[in-house]
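Some notes on the structure that comes next.
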Amino acid sequence: MLILRWLASQAFKGREILSILFVFGFCLWLSSRPEAIQKGWRKGFATTVFLPVHLVVEHLHVRWGIEKELREIRRDNARLIAENAKLSELADIRSTIGEFEGVRPRLEFPFIGARVISRDPVRLGGIWILDEGGRKGIQEGMAVISSKGVVGRILASTGGYSQMQSLSDPDCRVAVMSVRSRNPGIIHSPEGSGVFVEYGATSDIRVGDSLVTWGAGGIFPRGLPVGRVVEIRKTGTTGIMRQARIEPFQDPWQVRDVFVLLRPPILRVGGGDSLFAAEPSRGLVP
Amino acid sequence: MSMSSETSYSFVRALYVPVALAAQVTIAPLLSIFGIQPSVLLAVFVLFAFRSGPLASIWMGFGCGLLLDTYASGAAGAFALAMSLVGFLVGQLHERRVHVGYLLRVVLLGLATLLHDTVWHMASRHGGDSLAGFVAKVSLPGALYTMLVGAILFAVRPPRQARNW
């Protein structure tokens with residue numbers, strides 16, 4: 001008993017030396033074990049002694065990993081959305097140009113492409129803003145078309161922008177004629193709710209007729225496609241005028257890219273001085 | 001029954017090293033310059049050894065070293081051995097026994113880092129041939145960087161006057 005007590009007191013006195021010797025021995029023994037045994041020890045430590053630490057580390061690792069991955073995914077997603085928007089825009093422009101290529105050889109006048117950058121999002125008609133202006137030769141009174149038909153006309157232009165009056169604007173009037181009967185009428189859009197054609201009771205205009213610009217007024221060249229008659233209405237009590245609802249070839253809601261015909265108008269928009277252009281009689285070469 | 005301030009302080013002090021270990025694996029990589037990282041763990045551990053003496057430092061170094069060995073590659077036990085040895089040696093300069101000035105503490109931290117890396121390198125059985133290159137290219141820059149971190153740490157935590165020198 002005395003010996004044990006003596007040994008314990010000596011061990012207590014030399015506990016630092018004993019500790020470092022134990023650590024030395026254990027570490028050297030562990031490091032000299034084969035790789036498989038070391039792996040077993042690691043696994044054992046991780047699942048027993050260091051289990052709480054292991055769980056915290058794993059949790060943090062997974063959490064940080066997921067958060068990092070989420071950040072990267074969000075960043076990639078934003079980049080892909082931006083790229084997709086850019087490619088969609090390019091595809092859209094390409095599609096518009098492709099559609100217009102069919103019309104181009106029949107146009108007698110030079111034209112310039114423009115994009116609608118502002119319009120009334122609620123009403124069909126109104127004034128639209130195009131992203132090209134006087135710097136590219138766009139002037140007041142020039143016709144604006146798409147690959148499908150008439151869109152409107154230029155009201156005013158500045159250096160880089162221009163204002164366009166759409167075909168569906170209540171103040172817009174366009175002289176048209178039936179392709180079938182060559183009888184004339186006037187396109188207008190009361191309250192901007194729809195597009196109609198007014199014509200005399202004796203004019204031969206029927207449902208299904210295609211309407212093209214007549215060329216009168218000097219704004220639109222003759223022969224630009226406008227729309228198709230879908231419904232005939234009787235107006236007034238005298239019965240001398242009739243009205244038909246037409247469906248524009250170019251849906252006003254879907255217009256995005258347009259082409260401005262660089263053709264000086266015969267008359268300025270809004271009256272005033274007349275201005276005669278050189279041979280502006282035909283828009284489409286037959 | 002309330003703990004004495006010295007006892008509660010010892011408990012808090014014992015938490016420094018595990019916290020430093022967490023900082024080592026999370027913050028230290030962010031402080032990396034040309035691939036050289038400071039050893040926040042060693043800086044705090046050396047401070048702990050100055051404050052707590054050899055016995056506590058041996059076992060604290062052993063525990064933290066084993067934890068590092070568990071998750072690090074290389075021979076198991078190498079970190080435990082290196083940290084225990086550093087704890088034992090630095091712990092001999094316990095504040096209650098010897099007064100070590102600020103600059104000497106920083107220098108000792110550098111030496112402790114070199115010793116730690118050397119022991120780890122040898123215990124990991126990387127071979128004595130590559131030791132010189134390892135010390136010159138990895139350990140020495142790391143020790144200097146660790147001294148910088150330690151200089152800040154020791155300035156924030158100055159030695160306690162356990163005796164009236």
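Chains: A, B, ... in order of the structure tokens. Residues: from 1 per chain. Ligands: from 1, in order shown.
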Q: With a distance cut-off of 10 Å and only C-alpha atoms, select the neighbouring residues of Asp117 of chain B, excluding the residue or stretch itself and same-chain residues fewer than 3 positions from it, and output the selection as a PyMOL selection string.
A: chain B and resi 78-79+82-83+111-114+120-123+131+134-135+138-140+142-143
Q: Select residues of chain A: the criterion is any atom within 10 Å of an atom of chain B, counting only C-alpha atoms; output as number ranges by chain.
A: A: 15-21, 23-35, 37-39, 41-46, 49-50, 53-54, 57
Restrict the selected residues to C-alpha atoms and save them as an mmCIF file, in the first residue's frame.
```cif
data_model
loop_
_atom_site.group_PDB
_atom_site.id
_atom_site.type_symbol
_atom_site.label_atom_id
_atom_site.label_comp_id
_atom_site.auth_asym_id
_atom_site.auth_seq_id
_atom_site.Cartn_x
_atom_site.Cartn_y
_atom_site.Cartn_z
ATOM 1 C CA ARG A 15 2.787 14.015 -14.440
ATOM 2 C CA GLU A 16 4.047 16.362 -17.112
ATOM 3 C CA ILE A 17 6.815 13.967 -18.087
ATOM 4 C CA LEU A 18 4.465 11.006 -17.947
ATOM 5 C CA SER A 19 1.912 12.832 -20.059
ATOM 6 C CA ILE A 20 4.364 13.732 -22.771
ATOM 7 C CA LEU A 21 5.803 10.246 -22.730
ATOM 8 C CA VAL A 23 1.497 11.120 -25.909
ATOM 9 C CA PHE A 24 4.801 10.402 -27.619
ATOM 10 C CA GLY A 25 4.342 6.683 -27.335
ATOM 11 C CA PHE A 26 0.755 6.728 -28.482
ATOM 12 C CA CYS A 27 1.362 9.043 -31.429
ATOM 13 C CA LEU A 28 4.436 7.188 -32.643
ATOM 14 C CA TRP A 29 2.638 3.880 -32.300
ATOM 15 C CA LEU A 30 -0.411 5.224 -34.168
ATOM 16 C CA SER A 31 1.601 6.776 -36.963
ATOM 17 C CA SER A 32 3.563 3.551 -37.449
ATOM 18 C CA ARG A 33 0.390 1.500 -37.990
ATOM 19 C CA PRO A 34 -0.583 0.447 -41.529
ATOM 20 C CA GLU A 35 -2.817 2.763 -43.532
ATOM 21 C CA ILE A 37 -5.542 0.663 -39.266
ATOM 22 C CA GLN A 38 -4.990 4.427 -39.291
ATOM 23 C CA LYS A 39 -8.198 4.789 -41.291
ATOM 24 C CA TRP A 41 -8.669 4.910 -35.927
ATOM 25 C CA ARG A 42 -9.742 8.030 -37.790
ATOM 26 C CA LYS A 43 -13.209 6.604 -38.321
ATOM 27 C CA GLY A 44 -13.328 5.558 -34.684
ATOM 28 C CA PHE A 45 -12.329 9.024 -33.471
ATOM 29 C CA ALA A 46 -14.805 10.701 -35.772
ATOM 30 C CA VAL A 49 -14.726 10.949 -29.255
ATOM 31 C CA PHE A 50 -15.200 13.642 -31.844
ATOM 32 C CA VAL A 53 -17.431 17.980 -33.333
ATOM 33 C CA HIS A 54 -17.856 15.751 -36.340
ATOM 34 C CA VAL A 57 -18.272 20.138 -38.811
#
```
Q) If you measure from atom CA of Leu211 of chain A to atom CA of Pro190 of chain A, what distance in Å do you get, rounded to one decimal? A) 18.4 Å
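Around segment 106-117 of chain A, within 9 Å and counting only C-alpha atoms, the residues found are Ile97, Gly102, Val103, Trp128, Ile129, Leu130, Asp131, Glu132, Gly133, Lys136, Gly137, Ile138, Val255, Arg256, Asp257, Val258, Phe259, Val260, Leu261, Leu262, Arg263, Arg282, Gly283, Leu284, Val285 and Pro286 of chain A, once anything fewer than 3 positions away on its own chain is removed.
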Once you have the residues from the selection above, write them out as a CSV table (one decimal), in the first residue's frame, restricted to C-alpha atoms.
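Output below, filename result28.csv:
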```
chain,number,residue,atom,x,y,z
A,97,ILE,CA,-35.4,40.5,-90.7
A,102,GLY,CA,-39.6,38.3,-98.6
A,103,VAL,CA,-41.1,41.8,-98.8
A,128,TRP,CA,-45.3,55.0,-80.1
A,129,ILE,CA,-41.7,55.8,-79.7
A,130,LEU,CA,-39.1,54.3,-82.1
A,131,ASP,CA,-35.4,54.1,-81.3
A,132,GLU,CA,-34.3,55.7,-84.6
A,133,GLY,CA,-34.7,59.3,-85.7
A,136,LYS,CA,-30.8,58.0,-89.8
A,137,GLY,CA,-32.9,60.0,-92.2
A,138,ILE,CA,-36.3,59.5,-90.7
A,255,VAL,CA,-45.4,44.8,-83.2
A,256,ARG,CA,-41.8,45.1,-82.0
A,257,ASP,CA,-39.5,45.6,-84.9
A,258,VAL,CA,-40.6,47.9,-87.7
A,259,PHE,CA,-39.2,49.4,-90.9
A,260,VAL,CA,-39.5,53.0,-91.9
A,261,LEU,CA,-39.8,53.7,-95.6
A,262,LEU,CA,-37.3,56.5,-96.4
A,263,ARG,CA,-39.7,58.1,-98.8
A,282,ARG,CA,-46.1,53.2,-105.7
A,283,GLY,CA,-44.9,51.5,-102.6
A,284,LEU,CA,-44.8,48.0,-103.9
A,285,VAL,CA,-43.5,47.1,-107.3
A,286,PRO,CA,-46.2,45.0,-108.9
```
Q) Any idea what's packed within 6 Å of segment 144-148 of chain B, counting only C-alpha atoms, ignoring anything in its chain fewer than 6 positions away? Could you give it as an MDAnalysis selection string? A) chainID B and resid 38:39 106 110
Q) In Å to one decimal, how far is atom CA of Gln139 of chain A from atom CA of Val195 of chain A? A)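 That distance, rounded to one decimal, is 25.4 Å.
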**Q.** For Ala23 of chain B, the nearest of the candidates B:Leu89, B:Ala43, B:Ile36, B:Ile152, counting only C-alpha atoms
**A.**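 Looking at the shortest contact to Ala23 of chain B, the residue is B:Ala43.
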Q. Where in segment 16-115 of chain B does DSSP assign alpha helix (DSSP H), given as number ranges by chain?
A. B: 16-26, 40-52, 54-71, 78-91, 102-115
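Atom CA of Asp251 of chain A lies 23.7 Å from atom CA of Arg182 of chain A.
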Q. Looking at only C-alpha atoms, which of B:Ser130, B:Gln24, B:Thr118, B:Ser73 is the one that sits closest to Leu41 of chain B?
A.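 Once distances to Leu41 of chain B are computed over only C-alpha atoms, the minimum belongs to B:Gln24.
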Q. If we count only C-alpha atoms, what is near Ser193 of chain A at a cut-off of 10 Å, once residues fewer than 3 positions away on the same chain are taken out, given as an MDAnalysis selection string?
A. chainID A and resid 123:125 168:170 189:190 196
Emit the selected residues as a compact mmCIF listing (two decimals), in the first residue's frame, including C-alpha atoms.
```
# COMPACT_ATOMS: atom_id res chain seq x y z
CA ARG A 123 -54.80 51.14 -75.38
CA LEU A 124 -54.47 49.74 -78.87
CA GLY A 125 -53.61 53.06 -80.49
CA SER A 168 -55.09 51.96 -84.43
CA ASP A 169 -54.85 55.55 -83.23
CA PRO A 170 -58.22 57.37 -83.28
CA SER A 189 -60.08 53.44 -85.35
CA PRO A 190 -62.74 55.16 -83.21
CA PHE A 196 -62.63 49.81 -89.16
```
Q. Do you know which residues are at most 6 Å from Ala175 of chain A counting only C-alpha atoms, after dropping those on the same chain fewer than 5 positions away, and could you put them as a PyMOL selection string?
A. chain A and resi 185-186+213-214
